[in-house]
Every structure is written in structure tokens, then in C-alpha cells.
$ cat data.cif   # mmCIF, C-alpha atoms
data_entry
#
loop_
_atom_site.label_atom_id
_atom_site.label_comp_id
_atom_site.auth_asym_id
_atom_site.auth_seq_id
_atom_site.Cartn_x
_atom_site.Cartn_y
_atom_site.Cartn_z
CA MET A 920 92.16 49.39 146.23
CA ILE A 921 92.83 50.77 142.69
CA ASP A 922 91.31 48.85 139.81
CA GLU A 923 94.26 48.30 137.45
CA THR A 924 91.92 47.51 134.56
CA ASP A 925 90.13 50.85 134.89
CA GLU A 926 93.44 52.68 135.22
CA SER A 927 94.75 50.98 132.08
CA LEU A 928 91.60 51.90 130.17
CA ASN A 929 91.85 55.51 131.33
CA LYS A 930 95.46 55.72 130.17
CA SER A 931 94.57 54.19 126.80
CA SER A 932 91.69 56.62 126.38
CA LEU A 933 93.96 59.53 127.27
CA VAL A 934 96.64 58.44 124.77
CA PHE A 935 94.05 57.89 122.05
CA GLY A 936 92.46 61.24 122.78
CA ASN A 937 95.80 63.06 122.57
CA PHE A 938 96.65 61.26 119.33
CA ALA A 939 93.30 62.22 117.81
CA VAL A 940 93.83 65.86 118.76
CA LEU A 941 97.31 65.77 117.21
CA VAL A 942 95.97 64.30 113.95
CA VAL A 943 93.24 66.94 113.74
CA PHE A 944 95.81 69.68 114.41
CA VAL A 945 98.17 68.41 111.70
CA LEU A 946 95.34 68.14 109.18
CA LEU A 947 94.15 71.63 110.04
CA VAL A 948 97.61 73.18 109.71
CA GLY A 949 98.25 71.27 106.48
CA GLY A 950 94.94 72.39 105.04
CA VAL A 951 95.61 76.02 105.88
CA TYR A 952 99.10 75.80 104.36
CA LEU A 953 97.80 74.31 101.11
CA TRP A 954 95.03 76.92 100.92
CA VAL A 955 97.45 79.79 101.45
CA SER A 956 99.93 78.36 98.95
CA LYS A 957 97.24 77.95 96.34
CA LYS A 958 95.92 81.42 96.98
CA ASN A 959 99.37 82.96 96.67
CA LYS A 960 99.98 81.22 93.35
CA THR A 961 96.64 82.22 91.93
CA GLY A 962 96.99 85.29 89.78
CA GLN A 963 100.75 85.46 90.26
CA GLN A 964 102.29 86.30 86.90
CA VAL A 965 105.92 86.47 85.91
CA PHE A 966 107.15 89.02 83.40
CA PRO A 967 110.56 89.34 81.76
CA ALA A 968 112.63 92.27 82.93
CA GLY A 969 112.08 95.33 80.82
CA VAL A 970 108.37 94.93 80.07
CA ASN A 971 107.40 97.17 82.93
CA TYR A 972 106.09 99.99 80.77
CA LEU A 973 103.34 98.40 78.78
CA SER A 974 101.49 99.93 75.88
CA PRO A 975 97.90 99.58 77.07
CA LYS A 976 94.88 100.83 75.22
CA GLY A 977 92.20 103.12 76.53
CA ASP A 978 91.84 103.75 80.25
CA GLU A 979 94.55 101.27 81.24
CA ALA A 980 97.32 103.73 80.38
CA LYS A 981 99.07 105.28 83.37
CA LYS A 982 101.50 108.16 83.07
CA PRO A 983 104.80 107.20 84.75
CA VAL A 984 106.65 109.45 87.14
CA LEU A 985 109.46 111.14 85.18
CA LEU A 986 112.74 111.09 87.09
CA TYR A 987 114.78 112.91 84.43
CA ASP A 988 114.45 115.32 81.54
CA PHE A 989 114.90 112.58 78.96
CA ALA A 990 114.82 114.95 75.98
CA LYS A 991 117.92 116.73 77.31
CA LEU A 992 119.63 113.43 78.15
CA ALA A 993 119.13 112.17 74.61
CA GLU A 994 120.88 115.22 73.16
CA SER A 995 123.57 115.51 75.84
CA SER A 996 127.23 115.09 74.91
CA ASP A 997 127.98 113.85 78.41
CA TRP A 998 127.63 110.12 77.75
CA VAL A 999 130.06 107.48 79.03
CA THR A 1000 130.75 103.81 78.28
CA TYR A 1001 129.62 100.86 80.37
CA LYS A 1002 131.54 97.59 79.97
CA GLY A 1003 130.34 94.14 80.99
CA LYS A 1004 131.94 92.50 84.00
CA ILE A 1005 131.73 88.95 82.62
CA TYR A 1006 131.06 89.32 78.91
CA PRO A 1007 132.92 91.78 76.61
CA PHE A 1008 129.94 93.94 75.66
CA SER A 1009 129.74 97.70 75.99
CA PHE A 1010 127.24 100.47 75.45
CA GLN A 1011 127.00 104.19 76.10
CA TYR A 1012 124.67 105.91 78.54
CA PRO A 1013 124.11 109.38 80.05
CA LYS A 1014 126.69 110.04 82.75
CA VAL A 1015 124.00 111.28 85.13
CA LEU A 1016 122.58 107.74 85.32
CA THR A 1017 124.18 105.29 87.75
CA PRO A 1018 124.66 101.70 86.53
CA LEU A 1019 123.13 99.18 88.95
CA THR A 1020 124.48 95.62 88.94
CA PHE A 1021 123.86 92.50 91.00
CA PRO A 1022 126.44 90.41 92.93
CA ASN A 1023 127.19 86.94 91.54
CA ASP A 1024 124.85 87.47 88.61
CA ARG A 1025 125.82 85.17 85.73
CA SER A 1026 123.71 87.07 83.21
CA ASP A 1027 125.91 90.18 83.66
CA ALA A 1028 122.73 92.21 84.18
CA VAL A 1029 122.78 95.98 84.50
CA THR A 1030 120.06 98.59 84.80
CA PHE A 1031 119.36 102.20 85.73
CA LYS A 1032 116.85 103.81 88.04
CA VAL A 1033 114.70 105.55 85.43
CA ASN A 1034 111.25 104.64 86.74
CA GLU A 1035 109.47 104.04 90.03
CA LEU A 1036 110.05 100.27 90.02
CA SER A 1037 112.81 98.47 91.91
CA PRO A 1038 115.95 97.57 89.90
CA GLU A 1039 115.17 93.85 90.21
CA GLN A 1040 111.85 94.41 88.45
CA SER A 1041 113.29 96.68 85.81
CA LEU A 1042 116.39 95.20 84.19
CA LEU A 1043 117.76 97.01 81.16
CA PHE A 1044 120.37 94.56 79.94
CA THR A 1045 121.01 90.83 80.38
CA VAL A 1046 123.01 88.19 78.54
CA GLU A 1047 120.55 85.43 77.70
CA THR A 1048 121.97 81.90 77.83
CA ILE A 1049 119.71 80.18 75.32
CA SER A 1050 120.19 76.62 76.57
CA SER A 1051 119.04 77.63 80.05
CA ARG A 1052 115.69 78.54 78.49
CA ASP A 1053 115.37 75.88 75.79
CA LYS A 1054 118.33 73.89 74.47
CA ASN A 1055 116.42 73.23 71.23
CA LEU A 1056 116.66 76.94 70.39
CA VAL A 1057 120.47 77.15 70.53
CA GLY A 1058 121.68 78.62 67.24
CA LYS A 1059 118.17 79.83 66.39
CA PRO A 1060 118.07 83.46 67.56
CA GLU A 1061 114.94 84.43 65.65
CA GLU A 1062 113.01 81.46 67.01
CA PHE A 1063 114.24 82.29 70.51
CA ALA A 1064 112.96 85.86 70.18
CA LYS A 1065 109.65 84.65 68.76
CA ASN A 1066 109.16 82.20 71.63
CA TYR A 1067 110.57 84.34 74.44
CA TRP A 1068 107.07 84.99 75.79
CA LYS A 1069 106.66 81.28 76.62
CA PHE A 1070 109.21 81.56 79.42
CA PHE A 1071 107.01 83.99 81.38
CA SER A 1072 103.58 83.27 82.81
CA GLY A 1073 102.51 86.90 82.43
CA LEU A 1074 102.69 86.78 78.63
CA LYS A 1075 100.51 84.87 76.18
CA ALA A 1076 101.77 85.43 72.62
CA LEU A 1077 104.17 87.14 70.25
CA ASN A 1078 102.84 90.46 69.00
CA LYS A 1079 105.44 91.55 66.45
CA ILE A 1080 109.04 90.82 65.52
CA THR A 1081 111.38 92.76 63.21
CA LYS A 1082 114.94 92.10 62.10
CA ILE A 1083 117.26 94.99 63.04
CA THR A 1084 120.86 96.19 62.76
CA ASN A 1085 122.27 98.83 65.10
CA GLU A 1086 124.80 101.52 64.22
CA LYS A 1087 127.68 99.30 65.34
CA GLY A 1088 126.67 96.61 62.86
CA MET A 1089 125.18 94.21 65.39
CA THR A 1090 122.21 92.29 64.01
CA GLY A 1091 119.25 90.94 65.89
CA TYR A 1092 115.52 91.18 66.47
CA GLN A 1093 113.13 93.68 68.01
CA ALA A 1094 110.01 92.09 69.50
CA THR A 1095 106.91 92.88 71.51
CA TYR A 1096 104.56 90.47 73.25
CA VAL A 1097 100.93 90.27 74.33
CA VAL A 1098 100.25 90.50 78.06
CA LYS A 1099 98.02 87.79 79.49
CA GLY A 1100 94.68 88.95 80.87
CA LYS A 1101 95.07 92.51 79.61
CA ASN A 1102 94.52 94.33 76.36
CA ALA A 1103 98.16 95.43 76.38
CA ILE A 1104 101.44 95.00 74.52
CA THR A 1105 104.86 94.97 76.16
CA SER A 1106 107.52 97.56 75.55
CA ASP A 1107 110.22 96.70 73.01
CA ASN A 1108 112.64 93.84 73.61
CA TYR A 1109 115.89 93.72 71.63
CA PHE A 1110 117.87 90.52 71.03
CA PHE A 1111 121.32 90.92 69.48
CA VAL A 1112 123.30 88.06 67.98
CA VAL A 1113 126.91 87.47 69.05
CA GLU A 1114 128.89 86.31 66.03
CA GLY A 1115 130.55 82.96 66.63
CA ASP A 1116 128.56 82.16 69.77
CA ASP A 1117 125.22 80.41 69.26
CA GLU A 1118 124.73 79.98 73.00
CA ILE A 1119 124.02 83.59 73.97
CA LEU A 1120 122.01 86.63 72.93
CA LEU A 1121 122.33 90.18 74.24
CA HIS A 1122 118.93 91.25 75.52
CA ILE A 1123 117.85 94.84 76.09
CA GLY A 1124 114.44 95.57 77.59
CA ASP A 1125 112.83 98.99 77.31
CA ILE A 1126 112.63 100.20 80.92
CA PHE A 1127 112.17 103.84 79.91
CA PRO A 1128 108.91 105.78 79.86
CA THR A 1129 107.71 106.98 76.46
CA GLU A 1130 109.57 110.26 76.97
CA GLY A 1131 112.84 108.33 77.22
CA LYS A 1132 112.59 106.49 73.89
CA ALA A 1133 115.31 108.62 72.27
CA VAL A 1134 117.68 107.79 75.14
CA LEU A 1135 116.99 104.08 74.69
CA ASN A 1136 117.51 104.27 70.92
CA ARG A 1137 120.88 105.96 71.34
CA LEU A 1138 121.91 103.36 73.93
CA VAL A 1139 120.80 100.45 71.73
CA ASN A 1140 122.69 101.84 68.74
CA SER A 1141 125.89 102.07 70.80
CA LEU A 1142 125.87 98.39 71.84
CA GLU A 1143 129.01 96.46 70.86
CA TYR A 1144 130.50 93.05 71.59
CA LYS A 1145 134.26 92.66 71.20
CA LYS A 1146 136.00 89.43 72.17
#
$ encode --input "data.cif" --output "C-alpha cells"
Amino acid sequence: MIDETDESLNKSSLVFGNFAVLVVFVLLVGGVYLWVSKKNKTGQQVFPAGVNYLSPKGDEAKKPVLLYDFAKLAESSDWVTYKGKIYPFSFQYPKVLTPLTFPNDRSDAVTFKVNELSPEQSLLFTVETISSRDKNLVGKPEEFAKNYWKFFSGLKALNKITKITNEKGMTGYQATYVVKGKNAITSDNYFFVVEGDDEILLHIGDIFPTEGKAVLNRLVNSLEYKK
């Protein structure tokens, strides 16, 4: 004859044992997930597009792979005009370069493959919507440029800012920033004001190696915004 009391106790013990194993498993998986998440976030730094070629001091400097003869490109007469798909900006660039854009991108970003980085990591041009960064900086382009570093975890301070005017009469600011954790300064960032629109700034980041500075300067000086 089967003892129903013993059978009931055995079933209860089995259920409790299975539940305990399940709890331990969940805690173990959860612990591993949190550890991995924390580890992945540690040391992960975000940089604005266009600060890929830093200006490090001493042994930190690395010579980039040159994809073009930038001296010849700067002097070439074979330049063409790129026009924004959303905003009415335009600038000139060497015809040999292929504009790279991104589907459904509200910032109207465009770049060129002029270094070894992926296009997503090396944006040349974006339209910055100021309120999406900090609504308190709308209508304050200089303050926006000064504080731009605060929007990126990889930067720690403003290095230098200068008021500029390009050859098309557009005014704005040229700025560099200090990289967090390194004795390095970012490449130049240009912020151009759009007359009559306090909400946006035209941002150009220097994605070119040092040898391509003349190409960048010519491109920056050709930037226009016509409504």
C-alpha cells in the first residue's frame, strides 16, 4: 500500500527543488547579463563625427593611410557642386570623390571616403538641430559651439574657438576640443550660422588627414545656404 503522505511530501520536495534551481538559474543569468552590460559600457566613448583625425602629441600620432593625392585634388579644376537633399545648402568638392549619404537621415548628412574609417564614423557634413541637443542654446550659435563637447562622452572640454567668415559670406565658428583620457585635441569643427533660422547650424567636421587640409579649406569656403 502506498503511503499518500510520503508521496505528497516527495512531490512537494520535488516542486520546491525545481523552483530553487529555477531561481538560482535566473539569478545567475541576470548577474552575467549585468556584468557584461557594465563591462561593455566601461570605457565606451562617443565622439562627434569628424573628430576622427586627432592632433595628438608625441608618440600618439599615427600616420593615416592616404587614399588620394590631396595636393593635386586641392588644385584641380574638376570640382562639382553637392546640394542638400532636405536643406538648401551646397558646397563644392573634387569630382573624383563620391558623396555618401544615409537613407531617412534628418540631419542631411553627407561624407566622403577619404580615410580608413567607415562613413558612419567619419561624417563630413551635418545640419545640427540645436534644440535636439539643448533647447536653451537655440539662437546662441557661439554658445552651442563652445558647449558642443558636452554632447559626447569622448570629449572633456573646449580647446579653442574662433569666429570665421567663409568666401561666400557665411559666418560662424571654428572650434577644437580636448579628448578625454588622452593628451590630444580634435580636428577642426566648423559651425555656420543660417540667417533667419536660429534652430539650425551647418556643421562641418574635418575628416581629412593633414595632407588634405587644403581640400577641406576649399570645400568650407564654397559652402552656401540659399532658401
$ closest_residue --input "data.cif" --among "A:Pro1128, A:Thr1000, A:Phe1111, A:Arg1052" --to "Lys1032 of chain A" --atoms "only C-alpha atoms"
A:Pro1128
$ residues_near_point --input "data.cif" --point "(128.8, 103.9, 74.7)" --cutoff "12 Å" --atoms "all atoms listed in the file" --output "PyMOL selection string"
chain A and resi 996-1003+1008-1014+1086-1087+1134-1144
$ write_last_selection --input "data.cif" --atoms "C-alpha atoms" --output "PDB file, keeping the file's coordinate frame"
ATOM      1  CA  SER A 996     127.230 115.090  74.910  1.00  0.00           C
ATOM      2  CA  ASP A 997     127.980 113.850  78.410  1.00  0.00           C
ATOM      3  CA  TRP A 998     127.630 110.120  77.750  1.00  0.00           C
ATOM      4  CA  VAL A 999     130.060 107.480  79.030  1.00  0.00           C
ATOM      5  CA  THR A1000     130.750 103.810  78.280  1.00  0.00           C
ATOM      6  CA  TYR A1001     129.620 100.860  80.370  1.00  0.00           C
ATOM      7  CA  LYS A1002     131.540  97.590  79.970  1.00  0.00           C
ATOM      8  CA  GLY A1003     130.340  94.140  80.990  1.00  0.00           C
ATOM      9  CA  PHE A1008     129.940  93.940  75.660  1.00  0.00           C
ATOM     10  CA  SER A1009     129.740  97.700  75.990  1.00  0.00           C
ATOM     11  CA  PHE A1010     127.240 100.470  75.450  1.00  0.00           C
ATOM     12  CA  GLN A1011     127.000 104.190  76.100  1.00  0.00           C
ATOM     13  CA  TYR A1012     124.670 105.910  78.540  1.00  0.00           C
ATOM     14  CA  PRO A1013     124.110 109.380  80.050  1.00  0.00           C
ATOM     15  CA  LYS A1014     126.690 110.040  82.750  1.00  0.00           C
ATOM     16  CA  GLU A1086     124.800 101.520  64.220  1.00  0.00           C
ATOM     17  CA  LYS A1087     127.680  99.300  65.340  1.00  0.00           C
ATOM     18  CA  VAL A1134     117.680 107.790  75.140  1.00  0.00           C
ATOM     19  CA  LEU A1135     116.990 104.080  74.690  1.00  0.00           C
ATOM     20  CA  ASN A1136     117.510 104.270  70.920  1.00  0.00           C
ATOM     21  CA  ARG A1137     120.880 105.960  71.340  1.00  0.00           C
ATOM     22  CA  LEU A1138     121.910 103.360  73.930  1.00  0.00           C
ATOM     23  CA  VAL A1139     120.800 100.450  71.730  1.00  0.00           C
ATOM     24  CA  ASN A1140     122.690 101.840  68.740  1.00  0.00           C
ATOM     25  CA  SER A1141     125.890 102.070  70.800  1.00  0.00           C
ATOM     26  CA  LEU A1142     125.870  98.390  71.840  1.00  0.00           C
ATOM     27  CA  GLU A1143     129.010  96.460  70.860  1.00  0.00           C
ATOM     28  CA  TYR A1144     130.500  93.050  71.590  1.00  0.00           C
TER      29      TYR A1144
END
$ atom_distance --input "data.cif" --atom1 "atom CA of Val1029 of chain A" --atom2 "atom CA of Lys1132 of chain A"
18.1 Å
$ resolve_selection --input "data.cif" --expression "the PyMOL selection byres ((chain A and resi 1066-1070) around 9)" --output "PyMOL selection string"
chain A and resi 965-967+1052+1061-1065+1071-1077+1095-1097
$ residues_around --input "data.cif" --residues "Glu1047 of chain A" --least-positions-apart "2" --cutoff "10 Å" --atoms "only C-alpha atoms" --output "list in words"
Arg1025, Ser1026, Asp1027, Ala1028, Phe1044, Thr1045, Ile1049, Ser1050, Ser1051, Arg1052, Phe1110, Phe1111, Glu1118, Ile1119, Leu1120, Leu1121, His1122 and Ile1123 of chain A
$ resolve_selection --input "data.cif" --expression "the PyMOL selection byres ((chain A and resi 1039) around 9)" --output "ChimeraX atom specification"
/A:968,1021,1030,1036-1038,1040-1042
$ resolve_selection --input "data.cif" --expression "the PyMOL selection byres ((chain A and resi 985) around 12)" --output "ChimeraX atom specification"
/A:982-984,986-990,1032-1036,1127-1131
$ residues_near_point --input "data.cif" --point "(111.1, 91.3, 72.0)" --cutoff "6 Å" --atoms "only C-alpha atoms" --output "PDB file with C-alpha atoms, in the frame of the given file"
ATOM      1  CA  GLN A1093     113.130  93.680  68.010  1.00  0.00           C
ATOM      2  CA  ALA A1094     110.010  92.090  69.500  1.00  0.00           C
ATOM      3  CA  THR A1095     106.910  92.880  71.510  1.00  0.00           C
ATOM      4  CA  ASP A1107     110.220  96.700  73.010  1.00  0.00           C
ATOM      5  CA  ASN A1108     112.640  93.840  73.610  1.00  0.00           C
ATOM      6  CA  TYR A1109     115.890  93.720  71.630  1.00  0.00           C
TER       7      TYR A1109
END
$ atom_distance --input "data.cif" --atom1 "atom CA of Pro1007 of chain A" --atom2 "atom CA of Val1046 of chain A"
10.7 Å
$ atom_distance --input "data.cif" --atom1 "atom CA of Leu1043 of chain A" --atom2 "atom CA of Ala1133 of chain A"
14.8 Å
